[in-house]
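Quick look at target_2.txt (compact mmCIF, C-alpha atoms):
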# COMPACT_ATOMS: atom_id res chain seq x y z
CA MET A 214 -88.33 95.95 33.45
CA PRO A 215 -86.49 96.96 30.27
CA LYS A 216 -88.96 97.46 27.43
CA THR A 217 -86.61 98.32 24.55
CA LYS A 218 -83.26 97.06 23.31
CA PHE A 219 -81.62 100.26 24.53
CA GLN A 220 -83.14 99.83 27.99
CA SER A 221 -82.03 96.21 28.07
CA PHE A 222 -78.51 97.25 27.03
CA LEU A 223 -78.40 99.93 29.74
CA PHE A 224 -79.84 97.69 32.46
CA THR A 225 -77.30 94.97 31.65
CA ALA A 226 -74.50 97.55 31.65
CA ILE A 227 -75.53 98.85 35.08
CA THR A 228 -75.93 95.40 36.63
CA ALA A 229 -72.71 94.07 35.09
CA TRP A 230 -70.75 97.09 36.34
CA MET A 231 -71.99 96.61 39.89
CA MET A 232 -71.29 92.89 39.88
CA VAL A 233 -67.86 93.17 38.29
CA TYR A 234 -66.80 95.95 40.66
CA ILE A 235 -67.93 94.09 43.78
CA MET A 236 -66.45 90.78 42.60
CA THR A 237 -63.17 92.51 41.66
CA LEU A 238 -63.13 94.05 45.12
CA TYR A 239 -63.71 90.57 46.59
CA HIS A 240 -60.84 89.08 44.58
CA THR A 241 -58.55 92.00 45.39
CA ALA A 242 -59.14 91.35 49.08
CA LEU A 243 -58.69 87.59 48.64
CA SER A 244 -55.44 87.91 46.73
CA SER A 245 -53.89 90.36 49.21
CA ASN A 246 -55.29 88.63 52.32
CA GLN A 247 -56.44 92.01 53.59
CA PHE A 248 -59.26 94.43 52.99
CA THR A 249 -58.23 98.07 53.16
CA ASN A 250 -59.48 101.37 51.81
CA ALA A 251 -56.91 101.06 49.00
CA ALA A 252 -58.76 97.97 47.74
CA PHE A 253 -61.68 100.12 46.55
CA LEU A 254 -59.48 102.12 44.18
CA ALA A 255 -57.42 99.09 43.15
CA ALA A 256 -60.60 97.22 42.17
CA LEU A 257 -61.90 100.22 40.24
CA LYS A 258 -58.65 100.54 38.31
CA SER A 259 -58.32 96.86 37.44
CA MET A 260 -61.90 95.90 36.54
CA TRP A 261 -62.37 97.34 33.05
CA LEU A 262 -61.26 94.47 30.80
CA GLU A 263 -63.32 92.04 32.87
CA TYR A 264 -66.25 94.46 32.78
CA ILE A 265 -66.27 94.54 28.97
CA VAL A 266 -66.06 90.75 28.69
CA ILE A 267 -68.66 90.12 31.39
CA PHE A 268 -71.03 92.73 29.97
CA LEU A 269 -70.80 91.17 26.50
CA CYS A 270 -71.33 87.69 27.93
CA ALA A 271 -74.33 88.87 29.96
CA TYR A 272 -75.92 90.80 27.10
CA CYS A 273 -75.26 88.30 24.30
CA ILE A 274 -75.21 84.91 26.01
CA SER A 275 -76.15 84.53 29.68
CA GLY A 276 -79.19 86.79 29.69
CA HIS A 277 -80.91 84.75 26.99
CA ILE A 278 -79.94 81.39 28.49
CA ALA A 279 -80.99 82.52 31.98
CA LYS A 280 -84.43 83.58 30.77
CA TYR A 281 -84.84 80.29 28.90
CA PHE A 282 -84.14 78.26 32.05
CA ALA A 283 -85.97 80.64 34.39
CA PHE A 284 -89.19 80.26 32.41
CA ARG A 285 -88.89 76.50 32.75
CA VAL A 286 -89.26 77.06 36.51
CA VAL A 287 -91.68 80.02 36.63
CA GLN A 288 -94.50 81.13 34.35
CA PRO A 289 -95.03 84.64 32.91
CA GLY A 290 -98.15 85.03 35.08
CA ASP A 291 -96.32 84.26 38.34
CA ARG A 292 -95.56 86.94 40.91
CA PRO A 293 -92.93 89.35 39.53
CA ILE A 294 -90.54 88.73 42.44
CA LEU A 295 -90.46 84.99 41.63
CA ILE A 296 -89.68 85.74 38.00
CA ILE A 297 -86.94 88.22 38.99
CA LEU A 298 -85.37 85.74 41.42
CA ALA A 299 -85.46 82.89 38.91
CA ILE A 300 -83.80 85.03 36.24
CA GLN A 301 -81.20 86.29 38.74
CA VAL A 302 -80.30 82.79 39.94
CA PHE A 303 -79.85 81.43 36.43
CA THR A 304 -77.96 84.53 35.34
CA VAL A 305 -75.51 84.05 38.22
CA ILE A 306 -75.10 80.35 37.42
CA PHE A 307 -74.13 81.06 33.82
CA GLN A 308 -72.21 84.31 34.38
CA VAL A 309 -70.10 82.73 37.12
CA ALA A 310 -69.36 79.82 34.79
CA LEU A 311 -68.09 82.20 32.10
CA ALA A 312 -66.35 84.62 34.46
CA SER A 313 -64.54 81.78 36.23
CA ILE A 314 -63.01 80.68 32.94
CA LEU A 315 -61.67 84.20 32.47
CA GLY A 316 -60.47 84.39 36.07
CA VAL A 317 -58.65 81.06 36.02
CA TYR A 318 -57.02 81.86 32.70
CA HIS A 319 -55.96 85.28 34.02
CA SER A 320 -54.62 83.85 37.29
CA HIS A 321 -53.12 80.51 36.28
CA GLY A 322 -53.13 80.27 32.49
CA LEU A 323 -53.97 77.09 30.60
CA THR A 324 -52.24 74.52 32.77
CA ALA A 325 -52.82 70.86 33.56
CA GLN A 326 -54.63 72.09 36.70
CA PHE A 327 -57.15 74.19 34.78
CA ILE A 328 -60.19 72.07 35.67
CA PRO A 329 -59.47 71.84 39.42
CA ASN A 330 -58.60 75.56 39.49
CA TYR A 331 -61.82 76.28 37.59
CA LEU A 332 -63.98 74.28 40.04
CA VAL A 333 -62.44 76.08 43.02
CA ALA A 334 -62.90 79.47 41.32
CA TYR A 335 -66.50 78.65 40.36
CA CYS A 336 -67.37 77.76 43.96
CA GLN A 337 -65.61 80.82 45.41
CA ASN A 338 -67.31 83.09 42.89
CA PHE A 339 -70.77 81.56 43.12
CA ILE A 340 -70.82 81.73 46.91
CA MET A 341 -70.32 85.51 46.73
CA ALA A 342 -72.06 86.35 43.45
CA LEU A 343 -75.49 84.92 44.26
CA PRO A 344 -76.15 86.91 47.46
CA ILE A 345 -74.57 90.02 45.95
CA GLN A 346 -76.85 89.75 42.92
CA ILE A 347 -79.99 89.03 44.92
CA PHE A 348 -79.50 91.48 47.79
CA ILE A 349 -77.24 94.28 46.52
CA ALA A 350 -76.59 94.62 42.78
CA GLY A 351 -79.98 93.45 41.51
CA PRO A 352 -82.09 95.73 43.72
CA ALA A 353 -79.69 98.67 43.28
CA ALA A 354 -79.67 98.27 39.48
CA ARG A 355 -83.48 98.01 39.35
CA PHE A 356 -83.82 101.09 41.58
CA LEU A 357 -81.39 103.10 39.44
CA PHE A 358 -83.05 101.89 36.24
CA ARG A 359 -86.55 102.75 37.50
CA THR A 360 -85.31 106.17 38.65
CA LEU A 361 -83.72 106.92 35.27
CA PHE A 362 -86.67 105.82 33.18
CA GLN A 363 -89.37 107.14 35.47
CA ARG A 364 -87.87 110.61 35.11
CA SER A 365 -87.47 110.30 31.34
CA SER A 366 -91.04 109.03 30.86
CA SER A 367 -92.48 111.79 33.07
CA ARG A 368 -90.77 114.44 30.89
CA THR A 369 -92.62 113.35 27.76

Final structure tokens representation of the file:
Amino acid sequence: MPKTKFQSFLFTAITAWMMVYIMTLYHTALSSNQFTNAAFLAALKSMWLEYIVIFLCAYCISGHIAKYFAFRVVQPGDRPILIILAIQVFTVIFQVALASILGVYHSHGLTAQFIPNYLVAYCQNFIMALPIQIFIAGPAARFLFRTLFQRSSSRT
């Protein structure tokens, strides 16, 4: 979808924002054992440091690694939906790995229980992140991206 570095930067920023917001909302609900209207604002207020870190990881690290592994499973000539799904799955695998490190450090610090805490966090995050990416954030980000760049290309 993105054809330039700027488009890639913007697409990653949009997708990362959606994922971080939804996952922050998920963790806000988990940590308070309730899901209320106040959780939406609490998640929005508390997500920004994580957003910056996750965006940088996605743009500089995970996106490249995900494409590398995705194209070991699919070929450039395959149906576009298969390519998109492969890239999304591998992106989630690597982003959850990086984000879980941040989450465990933020929640528990560097303790003797870091590895068990990390494995629990990875599983909790992966179980939510994959369907969110495939069914909500990915399609919404692609729709928004297409809408933005379809309008800008039709103006020229």

Within 9 Å of Met231 of chain A, counting all atoms listed in the file, which residues qualify if same-chain residues fewer than 4 places away don't, as a PDB file with C-alpha atoms, in the coordinates of the input?
ATOM      1  CA  ALA A 226     -74.500  97.550  31.650  1.00  0.00           C
ATOM      2  CA  ILE A 227     -75.530  98.850  35.080  1.00  0.00           C
ATOM      3  CA  ILE A 235     -67.930  94.090  43.780  1.00  0.00           C
ATOM      4  CA  MET A 236     -66.450  90.780  42.600  1.00  0.00           C
ATOM      5  CA  GLN A 346     -76.850  89.750  42.920  1.00  0.00           C
ATOM      6  CA  ILE A 349     -77.240  94.280  46.520  1.00  0.00           C
ATOM      7  CA  ALA A 350     -76.590  94.620  42.780  1.00  0.00           C
ATOM      8  CA  GLY A 351     -79.980  93.450  41.510  1.00  0.00           C
ATOM      9  CA  ALA A 353     -79.690  98.670  43.280  1.00  0.00           C
ATOM     10  CA  ALA A 354     -79.670  98.270  39.480  1.00  0.00           C
TER      11      ALA A 354
END

Subject >> Interatomic distance, atom CA of Ala342 of chain A to atom CA of Thr324 of chain A (Å, one decimal) >> reply: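 Taking atom CA of Ala342 of chain A and atom CA of Thr324 of chain A, their separation equals 25.4 Å.
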
Subject >> Two-atom distance - atom CA of His319 of chain A, atom CA of Tyr234 of chain A (Å) >> reply: 16.6 Å

Original post:
Which neighbours of Phe248 of chain A fall inside 9 Å, counting only C-alpha atoms, when residues of the same chain fewer than 6 positions from it are skipped, and could you give them as a list in words?
Top reply: Leu238, Tyr239, Thr241 and Ala242 of chain A

Subject >> Using all atoms listed in the file: which of A:Gln301, A:Ser320, A:Asn250, A:Ser313 has the shortest distance to Thr228 of chain A >> reply: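 For Thr228 of chain A, the nearest of the given residues is A:Gln301.
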
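Using all atoms listed in the file, the shortest contact distance between Pro344 of chain A and any of A:Val302, A:Met214, A:Ala255, A:Val286 is found at A:Val302.
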
**OP:** Anything within 8 Å of (-87.1, 87.5, 31.3): list those residues as a list in words, counting all atoms listed in the file and sticking to the file's coordinates.
**Re:**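 Final list of nearby residues, as requested, is Ala279, Lys280, Tyr281, Ala283, Phe284, Ile296, Ile297 and Ile300 of chain A.
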
Where atoms are lacking, segment 241-260 of chain A completed to N, CA, C and O atoms, as a PDB file, keeping the file's coordinate frame:
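Saved the output as selection.pdb:
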ATOM      1  N   THR A 241     -59.677  91.177  44.954  1.00  0.00           N
ATOM      2  CA  THR A 241     -58.550  92.000  45.390  1.00  0.00           C
ATOM      3  C   THR A 241     -58.265  91.719  46.867  1.00  0.00           C
ATOM      4  O   THR A 241     -57.112  91.541  47.264  1.00  0.00           O
ATOM      5  N   ALA A 242     -59.305  91.652  47.657  1.00  0.00           N
ATOM      6  CA  ALA A 242     -59.140  91.350  49.080  1.00  0.00           C
ATOM      7  C   ALA A 242     -58.632  89.925  49.290  1.00  0.00           C
ATOM      8  O   ALA A 242     -57.761  89.689  50.130  1.00  0.00           O
ATOM      9  N   LEU A 243     -59.153  88.975  48.522  1.00  0.00           N
ATOM     10  CA  LEU A 243     -58.690  87.590  48.640  1.00  0.00           C
ATOM     11  C   LEU A 243     -57.212  87.448  48.287  1.00  0.00           C
ATOM     12  O   LEU A 243     -56.463  86.765  48.982  1.00  0.00           O
ATOM     13  N   SER A 244     -56.820  88.081  47.187  1.00  0.00           N
ATOM     14  CA  SER A 244     -55.440  87.910  46.730  1.00  0.00           C
ATOM     15  C   SER A 244     -54.422  88.595  47.638  1.00  0.00           C
ATOM     16  O   SER A 244     -53.286  88.157  47.740  1.00  0.00           O
ATOM     17  N   SER A 245     -54.828  89.661  48.324  1.00  0.00           N
ATOM     18  CA  SER A 245     -53.890  90.360  49.210  1.00  0.00           C
ATOM     19  C   SER A 245     -54.040  89.936  50.663  1.00  0.00           C
ATOM     20  O   SER A 245     -53.275  90.381  51.516  1.00  0.00           O
ATOM     21  N   ASN A 246     -55.008  89.076  50.954  1.00  0.00           N
ATOM     22  CA  ASN A 246     -55.290  88.630  52.320  1.00  0.00           C
ATOM     23  C   ASN A 246     -55.586  89.767  53.279  1.00  0.00           C
ATOM     24  O   ASN A 246     -55.365  89.653  54.481  1.00  0.00           O
ATOM     25  N   GLN A 247     -56.023  90.890  52.741  1.00  0.00           N
ATOM     26  CA  GLN A 247     -56.440  92.010  53.590  1.00  0.00           C
ATOM     27  C   GLN A 247     -57.447  92.856  52.827  1.00  0.00           C
ATOM     28  O   GLN A 247     -57.481  92.850  51.605  1.00  0.00           O
ATOM     29  N   PHE A 248     -58.248  93.563  53.581  1.00  0.00           N
ATOM     30  CA  PHE A 248     -59.260  94.430  52.990  1.00  0.00           C
ATOM     31  C   PHE A 248     -59.049  95.822  53.557  1.00  0.00           C
ATOM     32  O   PHE A 248     -59.333  96.063  54.724  1.00  0.00           O
ATOM     33  N   THR A 249     -58.531  96.708  52.724  1.00  0.00           N
ATOM     34  CA  THR A 249     -58.230  98.070  53.160  1.00  0.00           C
ATOM     35  C   THR A 249     -58.958  99.060  52.269  1.00  0.00           C
ATOM     36  O   THR A 249     -59.537  98.686  51.247  1.00  0.00           O
ATOM     37  N   ASN A 250     -58.874 100.329  52.640  1.00  0.00           N
ATOM     38  CA  ASN A 250     -59.480 101.370  51.810  1.00  0.00           C
ATOM     39  C   ASN A 250     -58.867 101.394  50.416  1.00  0.00           C
ATOM     40  O   ASN A 250     -59.550 101.700  49.442  1.00  0.00           O
ATOM     41  N   ALA A 251     -57.593 101.068  50.301  1.00  0.00           N
ATOM     42  CA  ALA A 251     -56.910 101.060  49.000  1.00  0.00           C
ATOM     43  C   ALA A 251     -57.515 100.030  48.053  1.00  0.00           C
ATOM     44  O   ALA A 251     -57.418 100.172  46.830  1.00  0.00           O
ATOM     45  N   ALA A 252     -58.155  99.010  48.583  1.00  0.00           N
ATOM     46  CA  ALA A 252     -58.760  97.970  47.740  1.00  0.00           C
ATOM     47  C   ALA A 252     -59.864  98.531  46.857  1.00  0.00           C
ATOM     48  O   ALA A 252     -60.051  98.062  45.725  1.00  0.00           O
ATOM     49  N   PHE A 253     -60.592  99.537  47.337  1.00  0.00           N
ATOM     50  CA  PHE A 253     -61.680 100.120  46.550  1.00  0.00           C
ATOM     51  C   PHE A 253     -61.158 100.742  45.263  1.00  0.00           C
ATOM     52  O   PHE A 253     -61.718 100.533  44.186  1.00  0.00           O
ATOM     53  N   LEU A 254     -60.068 101.489  45.357  1.00  0.00           N
ATOM     54  CA  LEU A 254     -59.480 102.120  44.180  1.00  0.00           C
ATOM     55  C   LEU A 254     -58.783 101.086  43.302  1.00  0.00           C
ATOM     56  O   LEU A 254     -58.891 101.138  42.075  1.00  0.00           O
ATOM     57  N   ALA A 255     -58.101 100.136  43.923  1.00  0.00           N
ATOM     58  CA  ALA A 255     -57.420  99.090  43.150  1.00  0.00           C
ATOM     59  C   ALA A 255     -58.421  98.297  42.316  1.00  0.00           C
ATOM     60  O   ALA A 255     -58.167  98.001  41.144  1.00  0.00           O
ATOM     61  N   ALA A 256     -59.561  97.967  42.900  1.00  0.00           N
ATOM     62  CA  ALA A 256     -60.600  97.220  42.170  1.00  0.00           C
ATOM     63  C   ALA A 256     -61.146  98.062  41.026  1.00  0.00           C
ATOM     64  O   ALA A 256     -61.346  97.559  39.914  1.00  0.00           O
ATOM     65  N   LEU A 257     -61.375  99.336  41.285  1.00  0.00           N
ATOM     66  CA  LEU A 257     -61.900 100.220  40.240  1.00  0.00           C
ATOM     67  C   LEU A 257     -60.935 100.351  39.079  1.00  0.00           C
ATOM     68  O   LEU A 257     -61.334 100.363  37.913  1.00  0.00           O
ATOM     69  N   LYS A 258     -59.659 100.409  39.361  1.00  0.00           N
ATOM     70  CA  LYS A 258     -58.650 100.540  38.310  1.00  0.00           C
ATOM     71  C   LYS A 258     -58.483  99.265  37.494  1.00  0.00           C
ATOM     72  O   LYS A 258     -58.184  99.333  36.304  1.00  0.00           O
ATOM     73  N   SER A 259     -58.657  98.118  38.127  1.00  0.00           N
ATOM     74  CA  SER A 259     -58.320  96.860  37.440  1.00  0.00           C
ATOM     75  C   SER A 259     -59.503  96.119  36.844  1.00  0.00           C
ATOM     76  O   SER A 259     -59.326  95.056  36.264  1.00  0.00           O
ATOM     77  N   MET A 260     -60.703  96.660  36.925  1.00  0.00           N
ATOM     78  CA  MET A 260     -61.900  95.900  36.540  1.00  0.00           C
ATOM     79  C   MET A 260     -62.333  96.032  35.085  1.00  0.00           C
ATOM     80  O   MET A 260     -63.204  95.301  34.636  1.00  0.00           O
TER      81      MET A 260
END
